[in-house]
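> Handing you a structure now.
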Amino acid sequence: MINTRIEDILPRVERPSRYLGSEINSIRKDPAQVRLWMALAFPDLYEIGMSHFGLQILYHILNRQPHLAAERVFAPAPDMAALLKSSGIELPSLESGRPLRRFDIIGFSLLYELNYTNMLAMLDLAGIPFLAAERDLSFPIVIAGGPSMVNPEPVADFFDAVLVGDGEDAVLKMAGAWLLWKAEGDGNKTTLLKIWSAIEGVYVPSFFSPRYDSDGCQVLTAKFSAYQKVRRAIVTDLDAADFPRKPVLPFGRPVHDRLRLEISRGCTRGCRFCQAGMTYRPVRERSADTILALSEASLAATGYDDLSLLSLSTGDYSCIEDLLQHLMARCEKRRTAVSLPS
């Protein structure tokens, strides 16, 4: 007998809570109200993906849009992947159990190169062709972002578009452009990609032709005169940037099981060996007042008793002493720990 629902195989896998999607603060939309289904795909295990706060930020920002549903999907563990294959079940999202290939857009967050093979495994489990050139509009549009996509060329052929840099503003512009394109009924993927290419930070690989010199080095030649290069998207004002006050509380124990507040982005040190220090520059800070307000709201919405101040170099935050004094004054009486990342 072949199972047709993921619920049928959950009792047979290790840590079934990885696949439930019913956590506190998770968001489920009314399908009748949704015009754009977007999958936030993290190509690693649930415990690792739920520790990546960039995913939480995008989940919050996108789901604030009334006609957009952003749902999470993580790489299944080997036991679940084998059961999905043998049962004929396509890889589903957590919130609604919607098969991945029935989404309009799939957005992969690629943090490091070892994610690449997991990303392909997820596409395989979803029944989606790997190469962008092999996917027509009967398949989702597949995009990617994250630190590894500052140099997207090793995997560029897999994606219709790549978001280079900060995603908060650009992903909303991409979603808005998709809704307009869909409403106009053009039905041509190239039309959408041309609209996306005008958004700062969006790289469309198919709009460039690669060639290789005698040393094997790649050179890209633009196909359109108006689209010659891609500038990294940068959120200039962190205080104005939206930030989740009610992050999803993961089941089980993720790698980082605490409330995390991003106090700054970028690093003053400028070490040339540090990928993050290069890709997240320039340095931008949230104000102490904003951080204190976020801490009050987030602690109340989550119940965490451990708060971590997140940045590449927290000790370099310009108001760190005053911020810690105010945080400790508020957290000590609640027995809430305040910590800094290593």
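Quick note on naming: the chains in the structure tokens go A, B, ... in the order shown, residues restart at 1 in each chain, and ligands are numbered from 1 in order of appearance.
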Taking the backbone alone, and naming residues the way the document does, which bits of stretch 123-311 of chain A are strand (DSSP E or B) by DSSP, as a ChimeraX atom specification?

/A:141-145,161-163,165,202-203,208-212,218-222,233,259-262,264-265,284-285,306-310

> Which residues come within 10 Å of stretch 133-147 of chain A, counting only C-alpha atoms, excluding same-chain residues fewer than 5 positions away, as a PyMOL selection string?

chain A and resi 37-41+54-55+100-113+123+127-128+152+155-167+171+187-189+193+201-204+206+275-276+279-280

> Would you export the selected residues with C-alpha atoms as a tab-separated table (two decimals), in the first residue's frame, please?


chain	number	residue	atom	x	y	z
A	37	TRP	CA	2.44	31.12	-2.80
A	38	MET	CA	6.12	31.40	-1.90
A	39	ALA	CA	8.23	28.64	-0.35
A	40	LEU	CA	11.14	29.67	1.86
A	41	ALA	CA	13.46	26.72	1.35
A	54	GLY	CA	17.45	35.54	8.16
A	55	LEU	CA	14.76	32.99	7.39
A	100	LEU	CA	6.75	22.22	-3.28
A	101	ARG	CA	6.10	22.07	-7.03
A	102	ARG	CA	2.69	23.73	-6.52
A	103	PHE	CA	4.23	26.94	-5.22
A	104	ASP	CA	4.61	29.96	-7.48
A	105	ILE	CA	8.11	30.86	-6.26
A	106	ILE	CA	10.69	28.82	-4.36
A	107	GLY	CA	13.37	30.87	-2.63
A	108	PHE	CA	16.45	29.03	-1.38
A	109	SER	CA	18.64	30.48	1.38
A	110	LEU	CA	22.19	29.36	0.67
A	111	LEU	CA	24.57	30.05	3.53
A	112	TYR	CA	27.53	27.92	2.49
A	113	GLU	CA	28.67	25.73	-0.38
A	123	LEU	CA	14.30	19.79	-5.97
A	127	GLY	CA	9.87	16.50	-8.82
A	128	ILE	CA	11.28	19.78	-10.14
A	152	PRO	CA	26.38	32.77	-7.56
A	155	VAL	CA	25.17	27.25	-9.25
A	156	ALA	CA	23.73	30.00	-11.49
A	157	ASP	CA	22.26	27.55	-14.04
A	158	PHE	CA	19.87	26.18	-11.42
A	159	PHE	CA	18.13	29.50	-10.72
A	160	ASP	CA	15.84	31.81	-12.64
A	161	ALA	CA	17.06	34.72	-10.53
A	162	VAL	CA	19.45	35.35	-7.66
A	163	LEU	CA	19.13	38.03	-4.98
A	164	VAL	CA	22.56	39.41	-4.10
A	165	GLY	CA	22.81	41.20	-0.75
A	166	ASP	CA	20.17	42.18	1.82
A	167	GLY	CA	16.78	40.70	1.04
A	171	VAL	CA	12.15	40.38	-1.94
A	187	GLY	CA	2.37	34.23	-19.36
A	188	ASN	CA	6.00	34.77	-20.39
A	189	LYS	CA	8.72	34.07	-17.84
A	193	LEU	CA	12.69	38.28	-15.36
A	201	GLY	CA	20.39	43.23	-6.21
A	202	VAL	CA	18.62	40.89	-8.65
A	203	TYR	CA	20.85	38.85	-10.95
A	204	VAL	CA	19.22	36.96	-13.82
A	206	SER	CA	20.00	33.73	-18.36
A	275	GLN	CA	33.57	36.21	4.13
A	276	ALA	CA	30.87	37.66	6.37
A	279	THR	CA	29.66	40.51	2.22
A	280	TYR	CA	27.70	42.28	4.97

> Which parts of stretch 24-222 of chain A does DSSP call helix (DSSP H, G or I) when run on the backbone here, written out as an MDAnalysis selection string?

chainID A and resid 31:33 46:49 53:63 78:87 100:102 115:126 132:134 147:150 153:158 168:184 189:197 205:207

> Report as an MDAnalysis selection string all protein, DNA and RNA residues lying within 10 Å of A:Ala288, evaluated on only C-alpha atoms, omitting residues in the same chain fewer than 4 positions from it.

chainID A and resid 239 263 292:294 317:320 322:324 326:327

> Can you build me a table of stretch 74-132 of chain A residues sitting at most 9 Å from stretch 16-24 of chain A, with the closest atom pair per residue and its distance in Å to one decimal, using only C-alpha atoms, sorted by chain and residue number, as a Markdown table?


| residue | atom | partner | partner_atom | distance |
| --- | --- | --- | --- | --- |
| A:Phe74 | CA | A:Tyr19 | CA | 8.5 |
| A:Pro76 | CA | A:Tyr19 | CA | 8.3 |
| A:Met80 | CA | A:Pro16 | CA | 9.0 |
| A:Ser93 | CA | A:Gly21 | CA | 8.1 |
| A:Leu94 | CA | A:Gly21 | CA | 4.3 |
| A:Glu95 | CA | A:Gly21 | CA | 4.9 |
| A:Ser96 | CA | A:Gly21 | CA | 8.0 |
| A:Gly97 | CA | A:Gly21 | CA | 8.6 |

> List the neighbours of stretch 209-212 of chain A out to 7 Å using only C-alpha atoms; skip same-chain residues closer than 5 positions along the sequence, and give me the result as a count of residues only.

7

> Considering only C-alpha atoms, can you say which of A:Leu83, A:Ile199, A:Cys331, A:Leu179 comes closest to A:Arg35?

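Using only C-alpha atoms, the shortest distance to A:Arg35 belongs to A:Leu179.
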
> Report, in Å to a single decimal, how far apart atom CA of A:Leu125 and atom CA of A:Leu91 are.

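Result for atom CA of A:Leu91 versus atom CA of A:Leu125: 5.5 Å, one decimal.
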
> Near A:Arg12, counting only C-alpha atoms, which residues have an atom at most 12 Å away, once you skip same-chain residues fewer than 2 positions from it, shown as a VMD selection string?

chain A and resid 6 to 10 14 to 17 79 to 84

> Identify which of the residues A:Ala240, A:Ile234, A:Val338, A:Ala297 lies closest to A:Gly266, counting only C-alpha atoms when measuring atom-to-atom distances.

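Nearest candidate to A:Gly266 out of A:Ala240, A:Ile234, A:Val338, A:Ala297: A:Ile234.
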
> Have a look at A:Ala170, A:Ile57, A:Ala337, A:Asp44 and name the one nearest to A:Leu120; count only C-alpha atoms.

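Using only C-alpha atoms, the shortest distance to A:Leu120 belongs to A:Asp44.
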
> Grab the atom CA of A:Ala226 to atom CA of A:Phe207 distance for me, in Å with one decimal place.

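Straight-line distance from atom CA of A:Ala226 to atom CA of A:Phe207 works out to 10.8 Å.
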
> Measure the distance from atom CA of A:Tyr46 to atom CA of A:Pro244 in Å and round it to one decimal.

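Straight-line distance from atom CA of A:Tyr46 to atom CA of A:Pro244 works out to 19.1 Å.
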